[in-house]
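A.B. asks: For reference, the file final.cif (mmCIF, C-alpha atoms) is included below:
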```cif
data_my_file
loop_
_atom_site.label_atom_id
_atom_site.label_comp_id
_atom_site.auth_asym_id
_atom_site.auth_seq_id
_atom_site.Cartn_x
_atom_site.Cartn_y
_atom_site.Cartn_z
CA MET R 461 -92.08 117.59 114.40
CA ASN R 462 -91.48 116.90 110.73
CA VAL R 463 -88.20 115.11 110.07
CA VAL R 464 -86.68 115.43 106.60
CA LEU R 465 -83.45 113.50 106.09
CA ALA R 466 -81.61 112.41 102.97
CA GLY R 467 -81.66 108.62 102.90
CA ALA R 468 -83.86 108.47 105.98
CA SER R 469 -84.39 104.74 105.56
CA TRP R 470 -80.78 103.88 106.40
CA VAL R 471 -79.17 106.95 108.03
CA LEU R 472 -80.95 106.70 111.38
CA PRO R 473 -80.57 102.90 111.78
CA LEU R 474 -76.89 103.20 110.83
CA ALA R 475 -76.33 105.98 113.37
CA GLY R 476 -78.16 103.95 116.00
CA SER R 477 -76.02 100.88 115.30
CA ILE R 478 -72.81 102.92 115.52
CA LEU R 479 -73.98 104.25 118.88
CA LEU R 480 -74.75 100.69 120.02
CA ILE R 481 -71.23 99.54 119.05
CA SER R 482 -69.77 102.46 121.00
CA THR R 483 -71.91 101.50 123.98
CA CYS R 484 -70.57 97.93 123.89
CA ILE R 485 -66.95 99.16 123.71
CA ILE R 486 -67.43 101.52 126.66
CA MET R 487 -69.23 98.83 128.65
CA GLY R 488 -66.08 96.76 128.29
CA ARG R 489 -64.02 99.61 129.72
CA LEU R 490 -66.58 100.06 132.50
CA LEU R 491 -66.29 96.40 133.49
CA LEU R 492 -62.51 96.11 133.10
CA GLY R 493 -61.21 99.59 133.95
CA PRO R 494 -58.58 99.12 136.63
CA SER R 495 -59.05 102.33 138.62
CA ARG R 496 -62.10 104.22 139.79
CA PRO R 497 -61.50 107.25 137.52
CA ASP R 498 -61.56 104.83 134.57
CA ARG R 499 -65.03 103.68 135.52
CA ALA R 500 -66.22 107.24 136.18
CA VAL R 501 -64.95 108.23 132.72
CA ALA R 502 -66.80 105.27 131.21
CA VAL R 503 -70.06 106.31 132.90
CA ASP R 504 -69.54 109.88 131.65
CA ALA R 505 -68.99 108.65 128.10
CA LEU R 506 -72.04 106.38 128.37
CA THR R 507 -74.28 109.32 129.23
CA MET R 508 -72.86 111.28 126.27
CA ILE R 509 -73.80 108.35 124.04
CA GLY R 510 -77.19 108.31 125.75
CA VAL R 511 -77.77 111.96 124.82
CA ALA R 512 -76.89 111.23 121.19
CA GLY R 513 -79.03 108.08 121.20
CA VAL R 514 -82.06 109.89 122.61
CA ALA R 515 -81.66 112.54 119.87
CA VAL R 516 -81.57 109.80 117.21
CA LEU R 517 -84.62 108.17 118.80
CA ALA R 518 -86.43 111.53 118.72
CA MET R 519 -85.86 111.65 114.96
CA MET R 520 -86.94 108.05 114.42
CA ARG R 521 -90.16 108.44 116.42
CA GLU R 522 -90.67 112.07 115.28
CA GLN R 523 -91.44 113.19 118.81
CA ALA R 524 -90.01 116.52 119.96
CA VAL R 525 -90.60 115.61 123.62
CA LEU R 526 -87.61 113.28 123.54
CA LEU R 527 -85.30 116.28 122.96
CA ASP R 528 -86.22 117.52 126.45
CA VAL R 529 -85.16 114.10 127.72
CA ALA R 530 -81.77 114.69 126.08
CA ILE R 531 -81.38 118.05 127.86
CA VAL R 532 -82.27 116.61 131.25
CA LEU R 533 -79.97 113.63 130.67
CA ALA R 534 -77.05 115.98 129.92
CA ILE R 535 -77.64 117.92 133.15
CA VAL R 536 -78.09 114.81 135.29
CA SER R 537 -74.97 113.22 133.83
CA PHE R 538 -72.96 116.23 134.97
CA LEU R 539 -74.34 115.90 138.49
CA GLY R 540 -73.57 112.19 138.48
CA SER R 541 -70.00 112.70 137.32
CA VAL R 542 -69.34 115.29 140.02
CA ALA R 543 -70.82 112.93 142.62
CA PHE R 544 -68.46 110.19 141.42
CA ALA R 545 -65.56 112.61 141.70
CA LEU R 546 -66.43 113.22 145.34
CA LEU R 547 -66.40 109.48 146.02
CA PHE R 548 -62.68 109.02 145.34
CA LYS R 549 -60.63 108.56 148.45
CA GLY R 550 -59.20 111.60 150.17
CA THR R 551 -60.92 114.34 148.23
CA HIS R 552 -63.79 115.24 150.49
CA SER R 553 -63.98 116.65 154.00
CA SER R 554 -66.21 113.74 155.02
CA ASP R 555 -63.09 111.56 154.93
CA ASN R 556 -62.08 113.16 158.20
CA PRO R 557 -63.30 110.93 161.04
CA HIS R 558 -63.16 113.73 163.64
CA GLY R 559 -65.98 115.79 162.21
CA GLN R 560 -65.76 119.56 161.88
CA LEU R 561 -62.27 121.01 161.44
CA PRO R 562 -61.09 124.60 161.80
CA HIS R 563 -60.65 126.82 158.78
CA GLY R 564 -57.93 125.91 156.31
CA SER R 565 -57.54 122.33 157.44
CA ARG R 566 -58.63 120.55 154.28
CA ALA R 567 -55.06 120.06 153.11
CA ARG R 568 -54.18 118.42 156.40
CA VAL R 569 -57.11 116.05 156.04
CA LEU R 570 -55.71 115.06 152.67
CA GLN R 571 -52.24 114.55 154.05
CA ASP R 572 -53.57 112.41 156.86
CA SER R 573 -55.31 110.16 154.37
CA LEU R 574 -52.01 109.53 152.57
CA PRO R 575 -49.36 107.24 154.04
CA ARG R 576 -46.80 109.27 155.98
CA GLU R 577 -43.13 108.61 155.44
CA GLY R 578 -40.27 109.52 157.70
CA LEU R 579 -42.33 111.13 160.43
CA PRO R 580 -41.86 109.62 163.88
CA THR R 581 -44.96 108.85 165.89
CA GLY R 582 -44.26 111.53 168.49
CA GLU R 583 -44.07 114.14 165.78
CA GLN R 584 -47.42 112.98 164.43
CA SER R 585 -49.16 113.21 167.80
CA ARG R 586 -47.64 116.64 168.51
CA ARG R 587 -48.91 117.83 165.14
CA ALA R 588 -52.34 116.45 165.84
CA LYS R 589 -52.43 118.37 169.14
CA ASN R 590 -51.38 121.57 167.42
CA ASP R 591 -54.09 121.12 164.81
CA MET N 551 -82.84 124.00 99.17
CA THR N 552 -84.74 121.34 101.02
CA ASP N 553 -82.41 118.75 99.54
CA ILE N 554 -79.37 120.59 100.86
CA VAL N 555 -80.84 120.83 104.36
CA ALA N 556 -81.80 117.13 104.30
CA ILE N 557 -78.31 116.10 103.15
CA ALA N 558 -76.73 118.33 105.81
CA GLY N 559 -78.90 116.71 108.48
CA SER N 560 -77.85 113.22 107.42
CA VAL N 561 -74.17 114.20 107.25
CA PHE N 562 -74.27 115.78 110.71
CA VAL N 563 -76.05 112.83 112.32
CA LEU N 564 -73.67 110.29 110.77
CA SER N 565 -70.54 112.30 111.61
CA GLY N 566 -71.76 112.72 115.16
CA ALA N 567 -72.22 108.96 115.48
CA LEU N 568 -68.75 108.39 114.01
CA PHE N 569 -67.17 110.86 116.46
CA THR N 570 -68.89 109.03 119.29
CA LEU N 571 -67.44 105.76 118.00
CA LEU N 572 -63.98 107.37 117.87
CA GLY N 573 -64.38 108.53 121.46
CA ALA N 574 -65.40 105.03 122.53
CA LEU N 575 -62.38 103.53 120.76
CA GLY N 576 -60.19 106.06 122.56
CA VAL N 577 -61.70 105.10 125.91
CA TRP N 578 -60.93 101.47 125.09
CA ARG N 579 -57.40 101.87 123.69
CA LEU N 580 -55.68 104.77 125.49
CA PRO N 581 -53.23 103.87 128.27
CA ASP N 582 -54.41 105.62 131.46
CA ALA N 583 -57.43 107.32 133.02
CA TYR N 584 -56.45 110.86 132.00
CA THR N 585 -56.03 110.16 128.30
CA ARG N 586 -59.26 108.17 128.38
CA MET N 587 -60.89 111.21 129.97
CA HIS N 588 -59.55 113.38 127.15
CA SER N 589 -61.03 111.06 124.54
CA ALA N 590 -64.39 110.64 126.26
CA SER N 591 -65.01 114.27 127.11
CA LYS N 592 -63.91 115.85 123.83
CA ALA N 593 -64.86 113.32 121.17
CA GLY N 594 -67.97 112.17 123.05
CA ALA N 595 -69.30 115.67 123.62
CA LEU N 596 -68.53 116.67 120.03
CA GLY N 597 -70.39 113.59 118.79
CA ALA N 598 -73.47 114.38 120.85
CA ILE N 599 -73.37 118.03 119.75
CA LEU N 600 -73.08 117.04 116.08
CA VAL N 601 -76.09 114.71 116.41
CA MET N 602 -77.99 117.62 117.99
CA VAL N 603 -77.05 119.89 115.04
CA GLY N 604 -78.23 117.10 112.75
CA VAL N 605 -81.61 117.14 114.53
CA LEU N 606 -81.66 120.92 114.03
CA PHE N 607 -81.20 120.48 110.28
CA ALA N 608 -83.56 117.52 109.96
CA THR N 609 -86.43 119.32 111.64
CA ALA N 610 -85.70 122.56 109.74
CA GLY N 611 -85.26 124.42 113.02
CA ALA N 612 -88.64 123.43 114.49
CA ALA N 613 -87.29 122.65 117.98
CA TRP N 614 -84.38 125.09 117.99
CA PRO N 615 -84.62 126.46 121.58
CA GLY N 616 -84.41 123.01 123.12
CA ILE N 617 -81.59 121.90 120.82
CA LEU N 618 -79.55 125.05 121.44
CA LEU N 619 -80.09 124.62 125.19
CA ALA N 620 -78.92 121.01 124.98
CA ILE N 621 -75.79 122.05 123.04
CA ALA N 622 -75.04 124.80 125.57
CA VAL N 623 -75.51 122.40 128.49
CA LEU N 624 -73.19 119.86 126.86
CA LEU N 625 -70.55 122.53 126.13
CA VAL N 626 -70.61 123.77 129.71
CA THR N 627 -70.91 120.52 131.66
CA ALA N 628 -68.68 118.08 129.74
CA PRO N 629 -65.35 119.89 130.43
CA MET N 630 -66.36 120.59 134.02
CA ALA N 631 -67.22 116.96 134.70
CA ALA N 632 -63.99 115.77 133.06
CA HIS N 633 -61.94 118.26 135.07
CA ALA N 634 -63.63 117.25 138.33
CA ILE N 635 -63.06 113.53 137.74
CA SER N 636 -59.43 113.90 136.63
CA ARG N 637 -58.56 116.27 139.49
CA ALA N 638 -60.19 114.02 142.07
CA GLY N 639 -58.43 111.02 140.56
CA TYR N 640 -55.05 112.73 140.76
CA MET N 641 -55.69 113.76 144.35
CA ALA N 642 -56.64 110.17 145.17
CA GLY N 643 -53.24 109.03 143.93
CA VAL N 644 -53.97 107.60 140.47
CA LYS N 645 -50.70 108.03 138.60
CA PRO N 646 -50.68 109.05 134.93
CA VAL N 647 -48.60 107.22 132.35
CA VAL N 648 -45.90 109.80 131.61
CA GLY N 649 -43.52 110.30 128.70
CA PRO N 650 -39.98 111.67 128.72
CA LEU N 651 -41.13 115.03 130.15
CA GLY N 652 -42.35 113.46 133.36
CA ASP N 653 -45.32 114.32 135.53
CA ALA N 654 -45.79 118.10 135.51
CA MET N 655 -48.05 117.98 138.57
CA GLU N 656 -45.59 115.93 140.62
CA GLY N 657 -45.70 117.19 144.21
CA SER N 658 -47.97 120.10 143.36
CA ASP N 659 -51.21 118.57 144.62
CA LYS N 660 -50.86 119.70 148.23
CA ARG N 661 -49.76 123.20 147.27
CA ALA N 662 -52.74 123.50 144.93
CA ILE N 663 -55.13 122.61 147.74
CA ASP N 664 -53.38 124.98 150.13
CA SER N 665 -53.76 127.88 147.72
CA GLN N 666 -57.43 127.02 147.31
CA GLU N 667 -58.30 127.54 150.92
#
```
As structure tokens, what does this structure read like?

C.D. replies:
Amino acid sequence: MNVVLAGASWVLPLAGSILLISTCIIMGRLLLGPSRPDRAVAVDALTMIGVAGVAVLAMMREQAVLLDVAIVLAIVSFLGSVAFALLFKGTHSSDNPHGQLPHGSRARVLQDSLPREGLPTGEQSRRAKND
Amino acid sequence: MTDIVAIAGSVFVLSGALFTLLGALGVWRLPDAYTRMHSASKAGALGAILVMVGVLFATAGAAWPGILLAIAVLLVTAPMAAHAISRAGYMAGVKPVVGPLGDAMEGSDKRAIDSQE
């Protein structure tokens, strides 16, 4: 892999330093971020920066193998983000403590995980029997 | 000709790094998780794609199948990951910071799940 860049002596270090600054900013959001989606977003953005950084590293070292690393990192970051999305409360059928539910009951699982308002206890138990 | 390709490679790599910095600033400054998602997924993915195009120019197209595959993977997966995280966050009860128009998805989360099944 033959890399030809204009101003190669300073372009790649400058790009790498900009990526490092971005990483520090997003690490701050990852540590502070008040809610779980904030942290998941920060991890997603970190992997995007990782893809760009691996591409810059591939140009600095002149090794085409590192581009494959960038591809795999993009795919794995998607899988990781989706796994984080499943970890939020009340969005997965594994939140139901009673195991397997009949068809079409996912919405009820979600409603059960939310605090109920204005429903008397007898109504709740009757509903649970009907489910 | 070689000069033009070399200059284009440098410009693409630097602009990609700058877009990534913009996305990071958006993740730091924007008010709630959904706007941060918007900044991270769009500006971050565009930055990574621009760096990839810069690699394409700098190597004069030597590794083009891998680079095009990486760009395609980024274009497909970044919006899907952002959508999954923001949807799961809304279902989990994370409220967005709303303006005068209010929350357009107010009360629609259960209906959306019902129509899915």

A.B. asks: Taking all atoms listed in the file into account, find every residue of chain R that has an atom no more than 6 Å from chain N, and write it out as a PDB file with C-alpha atoms, keeping the file's coordinate frame.

C.D. replies:
```pdb
ATOM      1  CA  ASN R 462     -91.480 116.900 110.730  1.00  0.00           C
ATOM      2  CA  VAL R 463     -88.200 115.110 110.070  1.00  0.00           C
ATOM      3  CA  VAL R 464     -86.680 115.430 106.600  1.00  0.00           C
ATOM      4  CA  LEU R 465     -83.450 113.500 106.090  1.00  0.00           C
ATOM      5  CA  ALA R 466     -81.610 112.410 102.970  1.00  0.00           C
ATOM      6  CA  ALA R 475     -76.330 105.980 113.370  1.00  0.00           C
ATOM      7  CA  SER R 482     -69.770 102.460 121.000  1.00  0.00           C
ATOM      8  CA  ILE R 486     -67.430 101.520 126.660  1.00  0.00           C
ATOM      9  CA  ARG R 489     -64.020  99.610 129.720  1.00  0.00           C
ATOM     10  CA  PRO R 497     -61.500 107.250 137.520  1.00  0.00           C
ATOM     11  CA  ASP R 498     -61.560 104.830 134.570  1.00  0.00           C
ATOM     12  CA  VAL R 501     -64.950 108.230 132.720  1.00  0.00           C
ATOM     13  CA  ALA R 505     -68.990 108.650 128.100  1.00  0.00           C
ATOM     14  CA  MET R 508     -72.860 111.280 126.270  1.00  0.00           C
ATOM     15  CA  ALA R 512     -76.890 111.230 121.190  1.00  0.00           C
ATOM     16  CA  ILE R 531     -81.380 118.050 127.860  1.00  0.00           C
ATOM     17  CA  PHE R 538     -72.960 116.230 134.970  1.00  0.00           C
ATOM     18  CA  SER R 541     -70.000 112.700 137.320  1.00  0.00           C
ATOM     19  CA  VAL R 542     -69.340 115.290 140.020  1.00  0.00           C
ATOM     20  CA  ALA R 545     -65.560 112.610 141.700  1.00  0.00           C
ATOM     21  CA  LYS R 549     -60.630 108.560 148.450  1.00  0.00           C
ATOM     22  CA  GLY R 550     -59.200 111.600 150.170  1.00  0.00           C
ATOM     23  CA  GLY R 564     -57.930 125.910 156.310  1.00  0.00           C
ATOM     24  CA  ALA R 567     -55.060 120.060 153.110  1.00  0.00           C
TER      25      ALA R 567
END
```

A.B. asks: As AutoDock Vina command-line options, please report the centre and edge lengths, rounded to one decimal in Å, of the axis-aligned box that holds all listed atoms of range 559-577 of chain N with 3 Å of padding on each of the six sides.

C.D. replies:
```
--center_x -69.5 --center_y 110.1 --center_z 116.6 --size_x 24.7 --size_y 19.2 --size_z 24.7
```

A.B. asks: Suppose you want the space between CA of Met520 in chain R and CA of Gly476 in chain R; what is it in Å?

C.D. replies: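 About the pair CA of Met520 in chain R and CA of Gly476 in chain R: they are 9.8 Å apart.
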
A.B. asks: What's the 10 Å shell around Pro473 in chain R, counting only C-alpha atoms, without same-chain residues fewer than 5 positions away, as a list in words?

C.D. replies: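 In the requested form, the answer reads Ala468, Ile478, Leu479, Val516, Leu517 and Met520 of chain R.
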
A.B. asks: Separation of CA of Met551 in chain N and CA of Leu527 in chain R, in Å?

C.D. replies: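 Computing it gives 25.1 Å between the two atoms.
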
A.B. asks: Please report the interatomic distance between CA of Pro650 in chain N and CA of Ser495 in chain R in Å with one decimal.

C.D. replies: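 Separation between CA of Pro650 in chain N and CA of Ser495 in chain R: 23.4 Å.
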